[in-house]
file run-v2.txt (compact mmCIF, C-alpha atoms)
# COMPACT_ATOMS: atom_id res chain seq x y z
CA MET A 1376 106.28 78.19 125.67
CA LYS A 1377 110.04 78.36 126.21
CA ARG A 1378 110.45 74.87 124.81
CA ALA A 1379 108.54 75.78 121.63
CA LEU A 1380 110.71 78.87 121.18
CA TYR A 1381 113.90 76.80 121.56
CA LYS A 1382 112.61 74.31 118.99
CA PHE A 1383 111.70 77.13 116.58
CA PHE A 1384 115.09 78.86 116.81
CA GLY A 1385 116.89 75.51 116.68
CA ALA A 1386 115.05 74.60 113.48
CA LEU A 1387 115.72 78.06 112.04
CA PHE A 1388 119.43 77.75 112.86
CA LEU A 1389 119.57 74.30 111.26
CA LEU A 1390 117.80 75.59 108.15
CA LEU A 1391 120.30 78.46 107.85
CA ILE A 1392 123.23 76.05 108.13
CA ILE A 1393 121.73 73.82 105.42
CA LEU A 1394 121.09 76.81 103.13
CA TYR A 1395 124.64 78.06 103.69
CA ALA A 1396 126.04 74.65 102.71
CA ILE A 1397 124.19 74.55 99.36
CA PRO A 1398 126.51 75.87 96.62
CA ILE A 1399 125.21 78.76 94.51
CA PRO A 1400 125.54 77.87 90.83
CA SER A 1401 127.35 80.27 88.52
CA THR A 1402 125.25 82.01 85.87
CA GLY A 1403 128.14 81.64 83.46
CA GLN A 1404 126.45 78.73 81.66
CA ASP A 1405 124.30 80.16 78.85
CA VAL A 1406 123.15 83.60 79.95
CA GLU A 1407 123.62 84.90 76.43
CA GLY A 1408 120.78 82.60 75.41
CA LEU A 1409 118.55 84.42 77.91
CA SER A 1410 119.56 87.89 76.77
CA LEU A 1411 117.76 90.33 74.50
CA PRO A 1412 118.99 91.15 70.98
CA GLU A 1413 120.33 94.51 72.24
CA SER A 1414 122.25 92.87 75.11
CA LYS A 1415 126.03 93.08 75.17
CA PHE A 1416 128.66 91.49 77.41
CA ILE A 1417 132.06 92.83 78.44
CA GLU A 1418 134.80 91.46 80.70
CA VAL A 1419 135.21 93.74 83.74
CA CYS A 1420 136.99 92.97 87.00
CA GLY A 1421 137.12 89.28 86.06
CA LEU A 1422 133.36 89.04 85.37
CA LYS A 1423 131.32 88.90 82.18
CA VAL A 1424 129.12 91.97 82.72
CA HIS A 1425 125.80 92.32 80.90
CA TYR A 1426 124.86 95.76 79.62
CA VAL A 1427 122.53 97.54 77.21
CA GLU A 1428 123.61 100.63 75.32
CA LYS A 1429 121.78 103.30 73.35
CA PRO A 1430 124.05 105.51 71.20
CA GLY A 1431 124.17 109.30 71.42
CA GLU A 1432 126.32 112.26 72.50
CA GLY A 1433 127.66 112.42 76.05
CA ASN A 1434 127.41 109.63 78.62
CA LEU A 1435 124.61 108.61 80.96
CA LEU A 1436 125.41 105.57 83.12
CA LEU A 1437 122.50 103.90 84.94
CA LEU A 1438 122.96 101.93 88.18
CA HIS A 1439 119.92 99.88 89.23
CA GLY A 1440 118.82 99.10 92.76
CA PHE A 1441 118.95 95.94 94.85
CA GLY A 1442 117.28 92.94 93.24
CA ALA A 1443 116.86 94.74 89.92
CA SER A 1444 118.62 94.73 86.55
CA THR A 1445 118.88 96.66 83.27
CA PHE A 1446 115.18 95.88 82.88
CA SER A 1447 114.51 98.65 85.44
CA TRP A 1448 115.67 101.20 82.88
CA ARG A 1449 113.78 99.84 79.82
CA TYR A 1450 111.59 102.93 79.34
CA LEU A 1451 114.53 105.28 79.60
CA LEU A 1452 116.48 103.15 77.12
CA GLU A 1453 113.53 103.24 74.70
CA SER A 1454 113.06 107.01 75.04
CA ASP A 1455 114.04 109.69 72.57
CA LEU A 1456 117.08 110.91 74.51
CA ARG A 1457 119.94 112.07 72.31
CA VAL A 1458 122.55 111.07 74.87
CA ARG A 1459 124.50 107.80 75.01
CA VAL A 1460 122.81 105.69 77.67
CA VAL A 1461 124.39 102.60 79.25
CA ALA A 1462 122.62 100.40 81.79
CA PHE A 1463 124.43 97.39 83.24
CA ASP A 1464 123.52 94.53 85.55
CA ARG A 1465 125.47 95.08 88.73
CA PRO A 1466 127.30 91.96 90.01
CA GLY A 1467 124.92 89.53 91.66
CA PHE A 1468 121.95 90.67 89.56
CA GLY A 1469 120.49 90.15 86.11
CA LEU A 1470 122.65 88.41 83.52
CA THR A 1471 126.04 89.49 84.87
CA GLU A 1472 128.18 86.49 85.66
CA ARG A 1473 128.42 85.37 89.27
CA LYS A 1474 131.75 84.15 90.61
CA ASN A 1475 133.30 83.56 93.99
CA PRO A 1476 134.91 86.90 94.98
CA LYS A 1477 138.04 85.01 96.08
CA GLU A 1478 138.63 84.20 92.38
CA LEU A 1479 138.44 87.87 91.32
CA PRO A 1480 140.89 90.80 91.44
CA CYS A 1481 138.33 92.85 93.41
CA ASN A 1482 135.19 91.92 95.33
CA PRO A 1483 132.41 93.34 93.13
CA TYR A 1484 129.79 92.38 95.72
CA SER A 1485 131.09 94.93 98.23
CA PRO A 1486 130.19 98.61 97.81
CA GLU A 1487 133.83 99.60 97.28
CA GLY A 1488 134.36 96.78 94.76
CA ALA A 1489 131.16 97.71 92.92
CA ALA A 1490 132.44 101.29 92.62
CA GLU A 1491 135.77 100.00 91.27
CA LEU A 1492 133.94 97.77 88.79
CA THR A 1493 131.83 100.76 87.66
CA LEU A 1494 134.95 102.85 87.04
CA GLU A 1495 136.60 99.99 85.15
CA LEU A 1496 133.43 99.56 83.08
CA MET A 1497 133.53 103.27 82.24
CA ASP A 1498 137.18 102.84 81.13
CA LYS A 1499 136.38 99.85 78.93
CA LEU A 1500 133.42 101.63 77.33
CA GLY A 1501 135.48 104.77 76.68
CA MET A 1502 133.58 106.95 79.14
CA GLU A 1503 136.07 109.53 80.37
CA LYS A 1504 133.25 111.31 82.20
CA ALA A 1505 129.59 110.42 82.73
CA THR A 1506 126.40 111.49 84.41
CA LEU A 1507 125.61 108.76 86.93
CA VAL A 1508 121.99 107.91 87.69
CA GLY A 1509 121.64 105.64 90.70
CA HIS A 1510 118.38 104.14 91.93
CA SER A 1511 117.98 102.77 95.46
CA ALA A 1512 121.14 100.76 96.31
CA GLY A 1513 122.62 101.83 92.96
CA ALA A 1514 122.58 105.40 94.32
CA GLY A 1515 125.02 104.38 97.04
CA ILE A 1516 127.39 102.95 94.43
CA ALA A 1517 127.03 106.12 92.33
CA ILE A 1518 127.98 108.22 95.38
CA LEU A 1519 131.02 106.02 96.05
CA VAL A 1520 132.13 106.42 92.42
CA ALA A 1521 131.76 110.19 92.79
CA ILE A 1522 133.85 110.14 95.99
CA LYS A 1523 136.56 107.88 94.51
CA ALA A 1524 136.83 109.72 91.19
CA PRO A 1525 135.01 113.08 91.22
CA GLU A 1526 136.75 114.09 87.99
CA ARG A 1527 134.94 111.20 86.21
CA VAL A 1528 131.43 112.27 87.29
CA GLU A 1529 129.80 115.07 85.34
CA LYS A 1530 126.53 114.98 87.30
CA LEU A 1531 125.06 112.76 89.96
CA VAL A 1532 121.36 111.91 89.93
CA LEU A 1533 119.92 109.91 92.85
CA VAL A 1534 116.49 108.33 92.39
CA SER A 1535 114.93 107.18 95.69
CA PRO A 1536 118.37 106.51 97.21
CA ALA A 1537 118.64 103.73 99.78
call {"tool": "encode", "arguments": {"input": "run-v2.txt", "output": "structure tokens"}}
result
Amino acid sequence: MKRALYKFFGALFLLLIILYAIPIPSTGQDVEGLSLPESKFIEVCGLKVHYVEKPGEGNLLLLHGFGASTFSWRYLLESDLRVRVVAFDRPGFGLTERKNPKELPCNPYSPEGAAELTLELMDKLGMEKATLVGHSAGAGIAILVAIKAPERVEKLVLVSPA
């Protein structure tokens, strides 16, 4: 029994080493070819960030959860809201470019870096203040943004926060 366990964990360890050695390809190739007609891209924190925007008054910024993308917010984006709604693919998800964090001015894959990227995105999109809606892991980023820059957050809405 012990021998079988050693073999199992040895094989698992070897598999993890092999997986770690395989390089993760960048999505920077032709993601625009995969995007929807309403998709937009903007350079933020050294990354080409994918976002979808619906015009209106005020600002509603949507932060999706782990493993999700702007697709999570499709029904809200199609709704009859009269507010400006922006949903973006957080780094590592959807059509947002993936790069080695060592090549970037901030690490957008860390919670603190994701909050910085969100604030920079707000700057680039002309959002002085916004209502942040965070779902799951996106709720944690929304909270960090509110802690870092409370004057930039009009309201904070957490949907099933992780």
call {"tool": "atom_distance", "arguments": {"input": "run-v2.txt", "atom1": "CA of Glu1478 in chain A", "atom2": "CA of Leu1422 in chain A"}}
result
10.0 Å
call {"tool": "closest_residue", "arguments": {"input": "run-v2.txt", "among": "A:Gly1501, A:Gly1509, A:Gly1467, A:Pro1480", "to": "Val1419 in chain A", "atoms": "all atoms listed in the file"}}
result
A:Pro1480
call {"tool": "closest_residue", "arguments": {"input": "run-v2.txt", "among": "A:Tyr1426, A:His1439, A:Leu1470, A:Trp1448", "to": "Ser1535 in chain A", "atoms": "all atoms listed in the file"}}
result
A:His1439
call {"tool": "residues_around", "arguments": {"input": "run-v2.txt", "residues": "Ala1505 in chain A", "least_positions_apart": "5", "cutoff": "8 Å", "atoms": "all atoms listed in the file", "output": "PyMOL selection string"}}
result
chain A and resi 1433-1436+1527-1530
call {"tool": "atom_distance", "arguments": {"input": "run-v2.txt", "atom1": "CA of Glu1413 in chain A", "atom2": "CA of Phe1446 in chain A"}}
result
11.9 Å
call {"tool": "axis_aligned_box", "arguments": {"input": "run-v2.txt", "around": "range 1524-1528 of chain A", "padding_each_side": "3 Å", "output": "JSON"}}
result
{"center_x": 134.1, "center_y": 111.9, "center_z": 88.7, "size_x": 11.4, "size_y": 10.4, "size_z": 11.0}
call {"tool": "atom_distance", "arguments": {"input": "run-v2.txt", "atom1": "CA of Thr1471 in chain A", "atom2": "CA of His1425 in chain A"}}
result
4.9 Å
call {"tool": "closest_residue", "arguments": {"input": "run-v2.txt", "among": "A:Ile1417, A:Leu1533, A:Leu1479, A:Val1424", "to": "Asp1464 in chain A", "atoms": "only C-alpha atoms"}}
result
A:Val1424
call {"tool": "residues_around", "arguments": {"input": "run-v2.txt", "residues": "Ala1462 in chain A", "least_positions_apart": "2", "cutoff": "6 Å", "atoms": "only C-alpha atoms", "output": "ChimeraX atom specification"}}
result
/A:1426-1427,1437,1445
call {"tool": "closest_residue", "arguments": {"input": "run-v2.txt", "among": "A:Leu1411, A:Val1458, A:Val1532, A:Leu1494", "to": "His1510 in chain A", "atoms": "all atoms listed in the file"}}
result
A:Val1532
call {"tool": "residues_around", "arguments": {"input": "run-v2.txt", "residues": "Ser1444 in chain A", "least_positions_apart": "6", "cutoff": "8 Å", "atoms": "only C-alpha atoms", "output": "list in words"}}
result
Phe1463, Asp1464, Arg1465, Phe1468 and Gly1469 of chain A
call {"tool": "residues_around", "arguments": {"input": "run-v2.txt", "residues": "Pro1536 in chain A", "least_positions_apart": "5", "cutoff": "9 Å", "atoms": "all atoms listed in the file", "output": "VMD selection string"}}
result
chain A and resid 1440 1509 to 1515
call {"tool": "closest_residue", "arguments": {"input": "run-v2.txt", "among": "A:Lys1377, A:Lys1523, A:Lys1423, A:Lys1474", "to": "Leu1496 in chain A", "atoms": "all atoms listed in the file"}}
result
A:Lys1423
call {"tool": "residues_around", "arguments": {"input": "run-v2.txt", "residues": "range 1481-1491 of chain A", "least_positions_apart": "2", "cutoff": "7 Å", "atoms": "only C-alpha atoms", "output": "short mmCIF file (atom, residue, chain, number, x, y, z; two decimals) with C-alpha atoms, keeping the file's coordinate frame"}}
result
data_model
loop_
_atom_site.label_atom_id
_atom_site.label_comp_id
_atom_site.auth_asym_id
_atom_site.auth_seq_id
_atom_site.Cartn_x
_atom_site.Cartn_y
_atom_site.Cartn_z
CA CYS A 1420 136.99 92.97 87.00
CA PRO A 1466 127.30 91.96 90.01
CA GLY A 1467 124.92 89.53 91.66
CA PRO A 1476 134.91 86.90 94.98
CA LEU A 1479 138.44 87.87 91.32
CA THR A 1493 131.83 100.76 87.66
CA LEU A 1494 134.95 102.85 87.04
CA GLU A 1495 136.60 99.99 85.15
CA ILE A 1516 127.39 102.95 94.43
CA LEU A 1519 131.02 106.02 96.05
CA VAL A 1520 132.13 106.42 92.42
#
